[in-house]
Structure formats: structure tokens, C-alpha cells
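Pasting coords09.pdb here (PDB, C-alpha atoms):
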```
ATOM      1  CA  MET P   1      24.560  16.287   0.133
ATOM      2  CA  PHE P   2      27.044  13.584   1.063
ATOM      3  CA  ALA P   3      26.571   9.862   0.533
ATOM      4  CA  GLY P   4      28.721   7.220   2.196
ATOM      5  CA  ARG P   5      31.454   7.779   4.737
ATOM      6  CA  GLY P   6      34.637   9.710   4.350
ATOM      7  CA  ASP P   7      36.264  13.077   4.555
ATOM      8  CA  SER P   8      33.928  15.602   2.954
ATOM      9  CA  VAL P   9      36.908  17.759   2.031
ATOM     10  CA  THR P  10      38.311  15.093  -0.290
ATOM     11  CA  ALA P  11      35.018  13.613  -1.465
ATOM     12  CA  PRO P  12      34.565  13.914  -5.232
ATOM     13  CA  LYS P  13      31.719  16.092  -6.477
ATOM     14  CA  VAL P  14      29.045  14.571  -8.709
ATOM     15  CA  ALA P  15      26.144  16.298 -10.451
ATOM     16  CA  GLY P  16      23.848  13.820 -12.160
ATOM     17  CA  ASP P  17      20.478  14.857 -10.694
ATOM     18  CA  LEU P  18      20.080  11.276  -9.507
ATOM     19  CA  PHE P  19      17.078  12.133  -7.356
ATOM     20  CA  LEU P  20      15.336  14.611  -9.636
ATOM     21  CA  ARG P  21      15.741  12.582 -12.834
ATOM     22  CA  GLY P  22      15.498   9.064 -11.475
ATOM     23  CA  VAL P  23      14.542   8.434  -7.871
ATOM     24  CA  GLN P  24      11.615  10.854  -8.065
ATOM     25  CA  ALA P  25       9.848   8.582 -10.578
ATOM     26  CA  LEU P  26      10.078   5.668  -8.134
ATOM     27  CA  PHE P  27       8.515   7.753  -5.355
ATOM     28  CA  ARG P  28       5.737   8.825  -7.705
ATOM     29  CA  ASN P  29       5.010   5.194  -8.461
ATOM     30  CA  PHE P  30       4.905   4.258  -4.781
ATOM     31  CA  ASN P  31       2.828   7.242  -3.683
ATOM     32  CA  ALA P  32       0.328   6.922  -6.531
ATOM     33  CA  GLY P  33      -0.214   3.238  -5.762
ATOM     34  CA  ARG P  34      -0.618   3.937  -2.066
ATOM     35  CA  GLY P  35      -3.570   6.184  -2.843
ATOM     36  CA  HIS P  36      -5.677   3.336  -4.240
ATOM     37  CA  PRO P  37      -8.280   1.446  -2.148
ATOM     38  CA  ARG P  38      -6.194  -1.608  -2.972
ATOM     39  CA  PRO P  39      -2.478  -0.700  -3.050
ATOM     40  CA  ALA P  40      -1.034  -0.833  -6.547
ATOM     41  CA  GLY P  41       2.336  -0.353  -8.225
ATOM     42  CA  LEU P  42       5.308  -0.452  -5.868
ATOM     43  CA  ALA P  43       3.006   0.182  -2.902
ATOM     44  CA  GLY P  44       1.303  -3.091  -3.792
ATOM     45  CA  VAL P  45       4.487  -5.130  -3.399
ATOM     46  CA  CYS P  46       6.239  -3.611  -0.385
ATOM     47  CA  ASP P  47       5.682  -1.354   2.601
ATOM     48  CA  GLU P  48       7.179   2.128   2.890
ATOM     49  CA  ALA P  49      10.167   1.083   5.009
ATOM     50  CA  THR P  50      11.129  -1.639   2.534
ATOM     51  CA  PHE P  51      10.677   0.730  -0.396
ATOM     52  CA  ILE P  52      12.843   3.482   1.080
ATOM     53  CA  GLY P  53      15.470   0.926   2.107
ATOM     54  CA  ALA P  54      15.519  -0.412  -1.444
ATOM     55  CA  VAL P  55      15.939   3.120  -2.818
ATOM     56  CA  ARG P  56      18.812   3.648  -0.360
ATOM     57  CA  GLY P  57      20.459   0.490  -1.671
ATOM     58  CA  LEU P  58      19.989   1.741  -5.236
ATOM     59  CA  THR P  59      21.468   5.191  -4.628
ATOM     60  CA  ASP P  60      24.309   3.852  -2.467
ATOM     61  CA  ALA P  61      25.277   1.455  -5.261
ATOM     62  CA  ILE P  62      25.232   4.255  -7.830
ATOM     63  CA  TYR P  63      27.331   6.584  -5.672
ATOM     64  CA  ALA P  64      29.731   3.702  -4.948
ATOM     65  CA  ALA P  65      30.407   3.464  -8.697
ATOM     66  CA  THR P  66      32.675   6.489  -8.273
ATOM     67  CA  GLY P  67      35.086   4.245  -6.367
ATOM     68  CA  SER P  68      35.182   6.681  -3.457
ATOM     69  CA  PRO P  69      33.896   5.949   0.077
ATOM     70  CA  ALA P  70      32.023   9.264  -0.001
ATOM     71  CA  VAL P  71      30.753  11.658  -2.644
ATOM     72  CA  GLU P  72      29.356  15.156  -2.579
ATOM     73  CA  ASP P  73      26.241  15.394  -4.730
ATOM     74  CA  VAL P  74      26.036  18.937  -6.022
ATOM     75  CA  SER P  75      23.241  18.332  -8.529
ATOM     76  CA  PRO P  76      21.380  21.556  -9.320
ATOM     77  CA  GLY P  77      18.010  19.852  -8.971
ATOM     78  CA  ASN P  78      18.544  18.636  -5.416
ATOM     79  CA  ALA P  79      16.682  21.611  -3.950
ATOM     80  CA  GLU P  80      13.503  20.501  -5.739
ATOM     81  CA  VAL P  81      13.588  17.012  -4.207
ATOM     82  CA  ARG P  82      15.062  17.787  -0.799
ATOM     83  CA  ASP P  83      12.257  15.863   0.941
ATOM     84  CA  LEU P  84      13.111  12.692  -0.987
ATOM     85  CA  ILE P  85      16.813  13.011  -0.216
ATOM     86  CA  GLU P  86      16.091  13.497   3.472
ATOM     87  CA  ALA P  87      13.762  10.467   3.516
ATOM     88  CA  VAL P  88      16.305   8.163   1.859
ATOM     89  CA  TYR P  89      19.305   9.416   3.871
ATOM     90  CA  ALA P  90      17.591   9.629   7.244
ATOM     91  CA  ASP P  91      19.662   8.250  10.123
ATOM     92  CA  ASP P  92      17.340   5.282  10.637
ATOM     93  CA  VAL P  93      17.418   4.131   6.992
ATOM     94  CA  ALA P  94      19.842   1.439   5.899
ATOM     95  CA  ALA P  95      20.214  -0.440   2.662
ATOM     96  CA  PRO P  96      18.818  -3.985   3.026
ATOM     97  CA  ALA P  97      20.858  -7.132   2.633
ATOM     98  CA  PRO P  98      21.288  -8.015  -1.051
ATOM     99  CA  ALA P  99      18.459 -10.119  -2.492
ATOM    100  CA  THR P 100      18.818 -12.529  -5.399
ATOM    101  CA  LEU P 101      16.190 -12.693  -8.105
ATOM    102  CA  ARG P 102      16.946 -15.559 -10.480
ATOM    103  CA  ALA P 103      15.649 -15.696 -14.046
ATOM    104  CA  PRO P 104      12.438 -13.717 -13.495
ATOM    105  CA  VAL P 105       9.534 -14.091 -15.904
ATOM    106  CA  PHE P 106       8.014 -10.886 -17.287
ATOM    107  CA  VAL P 107       4.575 -11.113 -18.911
ATOM    108  CA  VAL P 108       3.914  -8.202 -21.279
ATOM    109  CA  GLY P 109       1.468  -7.093 -23.946
ATOM    110  CA  VAL P 110      -1.103  -4.474 -24.809
ATOM    111  CA  PRO P 111      -3.508  -3.998 -21.884
ATOM    112  CA  ARG P 112      -6.610  -6.235 -22.179
ATOM    113  CA  SER P 113      -4.700  -8.867 -24.166
ATOM    114  CA  GLY P 114      -4.934 -11.635 -21.553
ATOM    115  CA  THR P 115      -1.684 -10.963 -19.708
ATOM    116  CA  THR P 116      -3.308 -11.289 -16.269
ATOM    117  CA  TRP P 117      -4.895 -14.589 -17.276
ATOM    118  CA  VAL P 118      -1.550 -15.965 -18.500
ATOM    119  CA  ALA P 119       0.385 -14.789 -15.425
ATOM    120  CA  ASN P 120      -2.212 -16.331 -13.125
ATOM    121  CA  MET P 121      -1.825 -19.709 -14.843
ATOM    122  CA  LEU P 122       1.965 -19.514 -14.734
ATOM    123  CA  ARG P 123       1.772 -19.054 -10.968
ATOM    124  CA  ALA P 124       0.079 -22.447 -10.785
ATOM    125  CA  HIS P 125       3.581 -23.965 -10.780
ATOM    126  CA  PRO P 126       5.090 -24.305  -7.278
ATOM    127  CA  ALA P 127       8.437 -22.954  -8.503
ATOM    128  CA  LEU P 128       6.865 -19.667  -9.608
ATOM    129  CA  ASP P 129       5.187 -16.905  -7.643
ATOM    130  CA  GLY P 130       4.617 -13.205  -7.988
ATOM    131  CA  PRO P 131       2.477 -10.211  -7.101
ATOM    132  CA  ASP P 132      -1.043  -9.902  -8.442
ATOM    133  CA  VAL P 133      -0.590  -6.184  -9.074
ATOM    134  CA  GLU P 134       1.144  -4.371 -11.897
ATOM    135  CA  THR P 135       4.364  -2.958 -10.477
ATOM    136  CA  ALA P 136       5.304  -0.694 -13.424
ATOM    137  CA  LEU P 137       8.863  -1.163 -12.161
ATOM    138  CA  PHE P 138      10.614  -0.559 -15.454
ATOM    139  CA  VAL P 139       8.265   2.242 -16.437
ATOM    140  CA  SER P 140       9.526   4.019 -13.311
ATOM    141  CA  LEU P 141      13.172   2.988 -13.732
ATOM    142  CA  GLN P 142      13.343   4.201 -17.344
ATOM    143  CA  PRO P 143      13.894   7.899 -16.431
ATOM    144  CA  LEU P 144      16.884   6.886 -14.311
ATOM    145  CA  TRP P 145      18.329   4.866 -17.175
ATOM    146  CA  ASN P 146      17.708   7.742 -19.599
ATOM    147  CA  ASN P 147      19.511  10.239 -17.349
ATOM    148  CA  ALA P 148      22.541  10.938 -19.524
ATOM    149  CA  ALA P 149      24.139  13.157 -16.871
ATOM    150  CA  LEU P 150      24.820  10.088 -14.722
ATOM    151  CA  ARG P 151      27.035   8.569 -17.404
ATOM    152  CA  ASP P 152      29.806  11.000 -16.501
ATOM    153  CA  TRP P 153      30.531   8.861 -13.450
ATOM    154  CA  VAL P 154      28.434   5.673 -13.677
ATOM    155  CA  SER P 155      28.873   2.960 -16.295
ATOM    156  CA  ASP P 156      25.908   1.195 -17.869
ATOM    157  CA  ASP P 157      26.929  -2.036 -16.135
ATOM    158  CA  ALA P 158      27.088  -0.377 -12.700
ATOM    159  CA  LEU P 159      23.720   1.302 -13.182
ATOM    160  CA  ALA P 160      22.106  -1.929 -14.381
ATOM    161  CA  THR P 161      23.527  -3.800 -11.385
ATOM    162  CA  ALA P 162      22.142  -1.181  -9.002
ATOM    163  CA  MET P 163      18.725  -1.432 -10.646
ATOM    164  CA  ARG P 164      18.798  -5.212 -10.429
ATOM    165  CA  GLY P 165      19.421  -4.944  -6.704
ATOM    166  CA  PHE P 166      16.464  -2.573  -6.306
ATOM    167  CA  VAL P 167      14.054  -4.810  -8.235
ATOM    168  CA  SER P 168      15.279  -7.908  -6.398
ATOM    169  CA  THR P 169      14.699  -6.244  -3.031
ATOM    170  CA  VAL P 170      11.117  -5.137  -3.661
ATOM    171  CA  LEU P 171      10.163  -8.485  -5.216
ATOM    172  CA  ALA P 172      12.003 -10.610  -2.643
ATOM    173  CA  PRO P 173       8.808 -11.758  -0.808
ATOM    174  CA  TRP P 174       7.842 -13.873  -3.815
ATOM    175  CA  GLY P 175      10.949 -16.007  -3.761
ATOM    176  CA  PRO P 176      13.840 -16.449  -6.164
ATOM    177  CA  ARG P 177      11.742 -17.124  -9.322
ATOM    178  CA  VAL P 178       9.166 -14.401  -9.832
ATOM    179  CA  VAL P 179       6.421 -13.901 -12.406
ATOM    180  CA  GLU P 180       5.793 -10.167 -12.872
ATOM    181  CA  LYS P 181       3.002  -8.855 -15.081
ATOM    182  CA  THR P 182       2.867  -5.251 -16.224
ATOM    183  CA  PRO P 183       1.470  -5.096 -19.775
ATOM    184  CA  LEU P 184       3.180  -1.842 -20.704
ATOM    185  CA  HIS P 185       6.579  -3.244 -19.827
ATOM    186  CA  ALA P 186       6.245  -4.200 -23.504
ATOM    187  CA  GLU P 187       7.585  -0.711 -24.201
ATOM    188  CA  HIS P 188      10.615  -1.219 -21.935
ATOM    189  CA  LEU P 189      12.011  -4.540 -23.175
ATOM    190  CA  PRO P 190      15.553  -3.237 -23.868
ATOM    191  CA  LEU P 191      15.871  -2.033 -20.256
ATOM    192  CA  ILE P 192      14.506  -5.313 -18.879
ATOM    193  CA  ALA P 193      17.033  -7.243 -20.970
ATOM    194  CA  THR P 194      19.877  -5.002 -19.761
ATOM    195  CA  VAL P 195      18.996  -5.289 -16.070
ATOM    196  CA  PHE P 196      18.012  -8.987 -16.220
ATOM    197  CA  PRO P 197      19.824 -10.671 -19.119
ATOM    198  CA  ASP P 198      18.673 -14.004 -17.655
ATOM    199  CA  ALA P 199      14.994 -13.004 -17.719
ATOM    200  CA  SER P 200      12.295 -14.776 -19.702
ATOM    201  CA  VAL P 201       9.813 -12.535 -21.499
ATOM    202  CA  VAL P 202       6.355 -13.871 -22.331
ATOM    203  CA  SER P 203       4.543 -11.587 -24.767
ATOM    204  CA  VAL P 204       0.806 -12.075 -25.247
ATOM    205  CA  HIS P 205      -0.965 -10.711 -28.305
ATOM    206  CA  ARG P 206      -4.706 -10.774 -28.972
ATOM    207  CA  ASP P 207      -7.018  -9.796 -31.798
ATOM    208  CA  GLY P 208      -6.827  -6.012 -31.841
ATOM    209  CA  ARG P 209     -10.570  -5.716 -32.348
ATOM    210  CA  ASP P 210     -11.210  -7.556 -29.078
ATOM    211  CA  VAL P 211      -8.593  -5.405 -27.350
ATOM    212  CA  VAL P 212     -10.256  -2.219 -28.604
ATOM    213  CA  ARG P 213     -13.683  -3.402 -27.472
ATOM    214  CA  SER P 214     -12.362  -4.232 -24.005
ATOM    215  CA  LEU P 215     -10.527  -0.915 -23.656
ATOM    216  CA  LEU P 216     -13.675   0.968 -24.620
ATOM    217  CA  GLU P 217     -15.712  -0.921 -22.034
ATOM    218  CA  MET P 218     -13.118  -0.687 -19.277
ATOM    219  CA  GLU P 219     -13.607   2.230 -16.893
ATOM    220  CA  ALA P 220      -9.874   3.015 -16.787
ATOM    221  CA  GLY P 221      -9.399   2.434 -20.533
ATOM    222  CA  THR P 222     -10.325   4.926 -23.252
ATOM    223  CA  ASP P 223     -13.468   6.048 -25.038
ATOM    224  CA  ASP P 224     -11.568   6.790 -28.255
ATOM    225  CA  VAL P 225     -11.532   3.960 -30.817
ATOM    226  CA  VAL P 226      -8.707   5.572 -32.781
ATOM    227  CA  VAL P 227      -6.474   5.848 -29.710
ATOM    228  CA  ALA P 228      -7.119   2.229 -28.726
ATOM    229  CA  ALA P 229      -6.568   0.827 -32.225
ATOM    230  CA  THR P 230      -3.456   2.897 -32.851
ATOM    231  CA  ARG P 231      -1.874   1.940 -29.531
ATOM    232  CA  TRP P 232      -2.565  -1.759 -30.147
ATOM    233  CA  SER P 233      -0.931  -1.546 -33.569
ATOM    234  CA  GLU P 234       2.081   0.432 -32.338
ATOM    235  CA  ILE P 235       2.807  -1.707 -29.286
ATOM    236  CA  THR P 236       2.431  -5.057 -31.062
ATOM    237  CA  ARG P 237       4.760  -3.851 -33.808
ATOM    238  CA  GLU P 238       7.344  -2.710 -31.279
ATOM    239  CA  VAL P 239       7.197  -6.019 -29.432
ATOM    240  CA  SER P 240       7.558  -8.027 -32.652
ATOM    241  CA  ALA P 241      10.621  -5.970 -33.533
ATOM    242  CA  ARG P 242      12.213  -6.338 -30.083
ATOM    243  CA  LEU P 243      11.583  -9.973 -29.218
ATOM    244  CA  PRO P 244      14.185 -11.500 -31.597
ATOM    245  CA  SER P 245      16.943  -9.518 -29.861
ATOM    246  CA  LEU P 246      16.109 -10.912 -26.409
ATOM    247  CA  ALA P 247      17.923 -13.949 -25.063
ATOM    248  CA  HIS P 248      14.800 -15.839 -23.952
ATOM    249  CA  ALA P 249      11.457 -14.608 -25.229
ATOM    250  CA  CYS P 250       8.306 -16.059 -26.723
ATOM    251  CA  ASP P 251       5.208 -14.636 -28.378
ATOM    252  CA  LEU P 252       1.862 -16.170 -27.390
ATOM    253  CA  ARG P 253      -1.284 -15.859 -29.449
ATOM    254  CA  TYR P 254      -4.122 -15.456 -26.947
ATOM    255  CA  GLU P 255      -6.633 -17.273 -29.126
ATOM    256  CA  SER P 256      -4.369 -20.319 -29.563
ATOM    257  CA  LEU P 257      -3.803 -20.540 -25.813
ATOM    258  CA  LEU P 258      -7.532 -20.166 -25.233
ATOM    259  CA  ALA P 259      -8.200 -23.213 -27.420
ATOM    260  CA  ASP P 260      -6.098 -25.473 -25.170
ATOM    261  CA  PRO P 261      -4.784 -23.572 -22.143
ATOM    262  CA  VAL P 262      -3.430 -26.589 -20.266
ATOM    263  CA  ALA P 263      -1.307 -27.820 -23.166
ATOM    264  CA  GLY P 264      -0.167 -24.285 -23.941
ATOM    265  CA  VAL P 265       0.884 -23.489 -20.378
ATOM    266  CA  VAL P 266       2.564 -26.892 -19.948
ATOM    267  CA  ASP P 267       4.609 -26.046 -23.043
ATOM    268  CA  LEU P 268       5.487 -22.728 -21.417
ATOM    269  CA  PHE P 269       6.674 -24.518 -18.286
ATOM    270  CA  ALA P 270       8.895 -26.764 -20.414
ATOM    271  CA  TRP P 271      10.282 -23.654 -22.143
ATOM    272  CA  LEU P 272      11.053 -22.261 -18.674
ATOM    273  CA  GLY P 273      12.827 -25.476 -17.704
ATOM    274  CA  LEU P 274      10.166 -26.577 -15.203
ATOM    275  CA  ALA P 275       8.872 -30.110 -14.736
ATOM    276  CA  VAL P 276       5.105 -30.620 -14.599
ATOM    277  CA  ASP P 277       3.043 -33.248 -12.783
ATOM    278  CA  ASP P 278      -0.685 -34.022 -12.683
ATOM    279  CA  ASP P 279      -1.273 -31.658  -9.762
ATOM    280  CA  VAL P 280       0.161 -28.743 -11.724
ATOM    281  CA  ARG P 281      -1.932 -29.641 -14.786
ATOM    282  CA  ALA P 282      -5.054 -29.741 -12.651
ATOM    283  CA  GLU P 283      -4.289 -26.367 -11.109
ATOM    284  CA  VAL P 284      -3.668 -24.813 -14.533
ATOM    285  CA  ALA P 285      -7.003 -26.199 -15.722
ATOM    286  CA  ARG P 286      -8.757 -24.712 -12.706
ATOM    287  CA  ARG P 287      -7.166 -21.303 -13.198
ATOM    288  CA  ALA P 288      -7.861 -21.292 -16.938
ATOM    289  CA  GLY P 289     -11.563 -20.837 -16.240
ATOM    290  CA  GLU P 290     -11.167 -18.056 -13.701
ATOM    291  CA  ARG P 291     -12.345 -14.553 -14.573
ATOM    292  CA  VAL P 292      -9.387 -12.329 -13.764
ATOM    293  CA  SER P 293      -8.693  -8.647 -14.409
ATOM    294  CA  GLN P 294     -12.311  -8.028 -15.364
ATOM    295  CA  TYR P 295     -12.626  -4.613 -13.703
ATOM    296  CA  ASN P 296     -15.969  -3.361 -14.956
ATOM    297  CA  THR P 297     -15.911  -5.409 -18.165
ATOM    298  CA  THR P 298     -18.405  -8.182 -18.806
ATOM    299  CA  GLY P 299     -18.506 -11.739 -20.049
ATOM    300  CA  ASP P 300     -16.411 -14.858 -19.617
ATOM    301  CA  VAL P 301     -12.891 -15.389 -20.891
ATOM    302  CA  GLY P 302     -13.168 -15.688 -24.653
ATOM    303  CA  ALA P 303     -12.504 -14.397 -28.159
ATOM    304  CA  GLY P 304     -14.643 -12.777 -30.839
ATOM    305  CA  LYS P 305     -16.350 -10.245 -28.591
ATOM    306  CA  TRP P 306     -15.433  -7.528 -31.092
ATOM    307  CA  ARG P 307     -18.587  -8.390 -33.057
ATOM    308  CA  SER P 308     -20.504  -6.176 -30.640
ATOM    309  CA  LEU P 309     -18.649  -3.122 -31.980
ATOM    310  CA  SER P 310     -20.672  -0.866 -34.256
ATOM    311  CA  ARG P 311     -19.919  -0.646 -37.968
ATOM    312  CA  LYS P 312     -18.573   2.859 -37.433
ATOM    313  CA  GLN P 313     -16.238   1.654 -34.687
ATOM    314  CA  LEU P 314     -15.025  -1.251 -36.816
ATOM    315  CA  ARG P 315     -14.321   1.059 -39.746
ATOM    316  CA  ALA P 316     -12.120   3.150 -37.454
ATOM    317  CA  VAL P 317     -10.299   0.041 -36.212
ATOM    318  CA  TYR P 318      -9.624  -1.162 -39.762
ATOM    319  CA  ARG P 319      -8.522   2.289 -40.844
ATOM    320  CA  HIS P 320      -5.934   2.632 -38.077
ATOM    321  CA  ALA P 321      -4.947  -0.989 -37.401
ATOM    322  CA  GLY P 322      -6.035  -2.928 -40.473
ATOM    323  CA  ASP P 323      -2.531  -3.567 -41.765
ATOM    324  CA  ARG P 324      -1.428  -4.942 -38.405
ATOM    325  CA  LEU P 325      -4.546  -7.124 -38.101
ATOM    326  CA  ASP P 326      -3.665  -8.518 -41.528
ATOM    327  CA  GLU P 327      -0.022  -9.142 -40.567
ATOM    328  CA  LEU P 328      -1.031 -11.074 -37.446
ATOM    329  CA  GLY P 329      -3.642 -13.099 -39.314
ATOM    330  CA  TYR P 330      -6.729 -11.654 -37.646
ATOM    331  CA  ALA P 331      -8.278 -10.060 -40.723
ATOM    332  CA  ASP P 332      -7.783 -10.325 -44.464
ATOM    333  CA  ARG P 333      -6.923  -6.927 -45.852
TER     334      ARG P 333
END
```
Here is a file; write its structure as C-alpha cells.
Amino acid sequence: MFAGRGDSVTAPKVAGDLFLRGVQALFRNFNAGRGHPRPAGLAGVCDEATFIGAVRGLTDAIYAATGSPAVEDVSPGNAEVRDLIEAVYADDVAAPAPATLRAPVFVVGVPRSGTTWVANMLRAHPALDGPDVETALFVSLQPLWNNAALRDWVSDDALATAMRGFVSTVLAPWGPRVVEKTPLHAEHLPLIATVFPDASVVSVHRDGRDVVRSLLEMEAGTDDVVVAATRWSEITREVSARLPSLAHACDLRYESLLADPVAGVVDLFAWLGLAVDDDVRAEVARRAGERVSQYNTTGDVGAGKWRSLSRKQLRAVYRHAGDRLDELGYADR
């Protein structure tokens, strides 16, 4: 396969399995989201033409890192993803004009920790906007970043720049300052910081017992208390370890924000460098009472719902997450 223009005889050969060990994950994201009654993931933020154009821009930028006007991709895995290659390099596909995403805001945390609620209030500010679906962008970009074979001909800086262009293109409809909420981006903070060193990361943590209860009740969650408690403990520990290394990050305690959401979100706006007037305060107050991301769970926004867990369930939570509950001040060991 050739990318770019030039004499195929003199084009350098590259073999990084760019499509098999990178682009394929993006297509999986888009196609999986397209199968939902309400489009999710990348299919929830752009149509197919925009998506494929953005992928073309990504791969063109990576191939261009060779410094040659054309390359011959001789990756051994190309035969397995021939349909993807043909879709991206079809004659009627062109890379879109570069988009600029400035200082995006990424809201992360363990699922069911209040991330949707926080993101919805942040979008009350006229300078901020963003999709109301979880894009899983960096979950899907991680395999590309982890593809060590690419490093033979692409630097980290060039790959990060190409990824930034891709993300900027698919999120362009929401303007230059975007709020993106995918809870499990909490496990991809180093990649986010590499691609968007100017990003702000808002981490939300909540009482692990409430998180476990919500995950057990949620249809798409889990029915295993041990799995839920262990994941909450592991992810919150990882986030606490990563946040200090990020240029602009904060850790929000859900229960503290719940006590005074307007004051808490106004403080967040100040941290983001945004001025606030009475209209914004009023809109935050209105959104603070909205039930968002409920799925099949019950009850209003609140804390302390874990008391409905059985004694057996609570024993399992304390056994597998007790130390972390103690560290975060939710339970005395």
C-alpha cells in the first residue's frame, strides 16, 4: 500500500502495522457505537464521512513523519485489515482541514462516581461545550500509542501531534473549548497529557460503597461486589498517583460538591480561567438538580445510598476496598 504522492520505486518501506495495531481500534469504537439505539462512542460525535476523513488525516500525518512524499507500507498485518485500508484510502476520501482544540477539559473517574453530573454542570458556562456521550477516544487511541513497531520511523512528538489532530477533528462541532467525559479515561491520563499538555483534568471520586451499590444496580454494570469494589480501589489509587504529574488537574470529592454544587462549580470555573455571572450561577443551580446518567438506577442525586447494601455485600466491600475507603476518609478502618 502506498500513502501520499511520489515515485513508488523510491518510496521508503515502512512496516509498523499502523492499521492492524492502531487504526483498527478506532473503527471498532465507531462501529460498536453505531450499533446502539442512540449512537455512542465515536459514532455519537461524528458521522461516518467525518470519522473516516479524520482517520485519513491521522494516518497521513503519521506517514508524513518519514519525511518522504510517499511511503510503501509493507506491514505484515495489512492483509487482515484490507477493508479498513481501502475505506481510508478511497479516492473520494480526503483529510479535513486542521481543527484547533484549545485546552480541553477531561472529566474522569470510576463509573457511577458523578462524572456525568459534573460535566453537565461545567457545560453551563457559555465558553464550554461538549458531547453528552462517552467517546472513549483515548481508550481507542492507546493501542496506537503502544505500538512499538511504529517507533522505528515515527517519533513520540509526531505521533502525539497526529493524535491531537484526530481528536480535534472529531470534537470540532463543540467549539474550541470542549468538555469531554469518559470515566475510564482515568486509566489513560499519561496519554491524555502527552497529546494535550494544555488539557485540564477534572477527577471525581465518590464513596466506594455508593459506587459499588450503583454498579450492582446498573444494567450495564456488574453483579459481582468483589469486582466492583476492587476496580473502585484500583482506579482511585491510580488516579491519585497520576494527578500530581499532570500540568493542570484537580481532584473533586463528590460529596463535597453535592453539599454546595454552585459554589463548587464556580470555583472550578475560576480554576479554568473563566469568569462567572449571575446567569451562569443560575444555570449551574438548575443543572445541579437534574437526574443525569441514571440508566436503570433509581433515586435522586445523593450520597449514602450504600446503606441499602446487605451486610454480606458490605463485608465484601470492606475486605477488598477497606484500606482505600480509610485513606479517602469514607470509613474508619
message = Which residues, named as in the file, does the PyMOL selection byres ((chain P and resi 8-20) around 7) pick out? Answer as a list of chain:residue names.
response = P:Gly6, P:Asp7, P:Arg21, P:Gly22, P:Val23, P:Gln24, P:Ala70, P:Val71, P:Glu72, P:Asp73, P:Val74, P:Ser75, P:Pro76, P:Gly77, P:Asn78, P:Val81, P:Ala149, P:Leu150
Listing only residues of segment 168-275 of chain P within 12 Å of segment 57-68 of chain P, what is the closest atom pair and its distance in Å (to one decimal) for each, using only C-alpha atoms, sorted by chain and residue number ascending, as a Markdown table?
```
| residue | atom | partner | partner_atom | distance |
| --- | --- | --- | --- | --- |
| P:Ser168 | CA | P:Leu58 | CA | 10.8 |
| P:Thr169 | CA | P:Gly57 | CA | 9.0 |
| P:Val170 | CA | P:Gly57 | CA | 11.1 |
```
key: Distance query segment 315-318 of chain P at most 7 Å, only C-alpha atoms, self and fewer than 6 positions along chain excluded, as a ChimeraX atom specification   = /P:209,225-226,229
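Residues lying within 9 Å of (8.8, 4.7, -15.5). Counted over all atoms listed in the file, they are Gly22, Ala25, Leu26, Asn29, Ala136, Leu137, Phe138, Val139, Ser140, Leu141, Gln142, Pro143, Leu144 and His188 of chain P.
Considering all atoms listed in the file, the residue among P:Val211, P:Ala99, P:Val178, P:Leu328 positioned nearest to Leu252 of chain P is P:Leu328.
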Neighbour list for segment 239-241 of chain P as a list of chain:residue names, cut-off 9 Å, only C-alpha atoms, skip fewer than 2 positions in-chain =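 Using only C-alpha atoms, the neighbours found are P:Gly109, P:Ala186, P:Glu187, P:Leu189, P:Ser203, P:Glu234, P:Ile235, P:Thr236, P:Arg237, P:Leu243, P:Pro244, P:Ser245, P:Asp251.
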message = Can you spell out as a ChimeraX atom specification the set of residues that the PyMOL selection byres ((chain P and resi 308) around 12) selects in the structure I just provided?
response = /P:209-210,212-214,216-217,303-307,309-314
For the structure shown, which residues end up in the PyMOL selection byres ((chain P and resi 127) around 10)? Put them as a short mmCIF file (atom, residue, chain, number, x, y, z; two decimals) with C-alpha atoms, in the frame of the given file, please?
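Writing done, so here's selection.cif:
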```
data_model
loop_
_atom_site.label_atom_id
_atom_site.label_comp_id
_atom_site.auth_asym_id
_atom_site.auth_seq_id
_atom_site.Cartn_x
_atom_site.Cartn_y
_atom_site.Cartn_z
CA LEU P 122 1.96 -19.51 -14.73
CA ARG P 123 1.77 -19.05 -10.97
CA ALA P 124 0.08 -22.45 -10.78
CA HIS P 125 3.58 -23.96 -10.78
CA PRO P 126 5.09 -24.30 -7.28
CA LEU P 128 6.86 -19.67 -9.61
CA ASP P 129 5.19 -16.90 -7.64
CA GLY P 175 10.95 -16.01 -3.76
CA PRO P 176 13.84 -16.45 -6.16
CA ARG P 177 11.74 -17.12 -9.32
CA VAL P 178 9.17 -14.40 -9.83
CA LEU P 274 10.17 -26.58 -15.20
CA ALA P 275 8.87 -30.11 -14.74
#
```
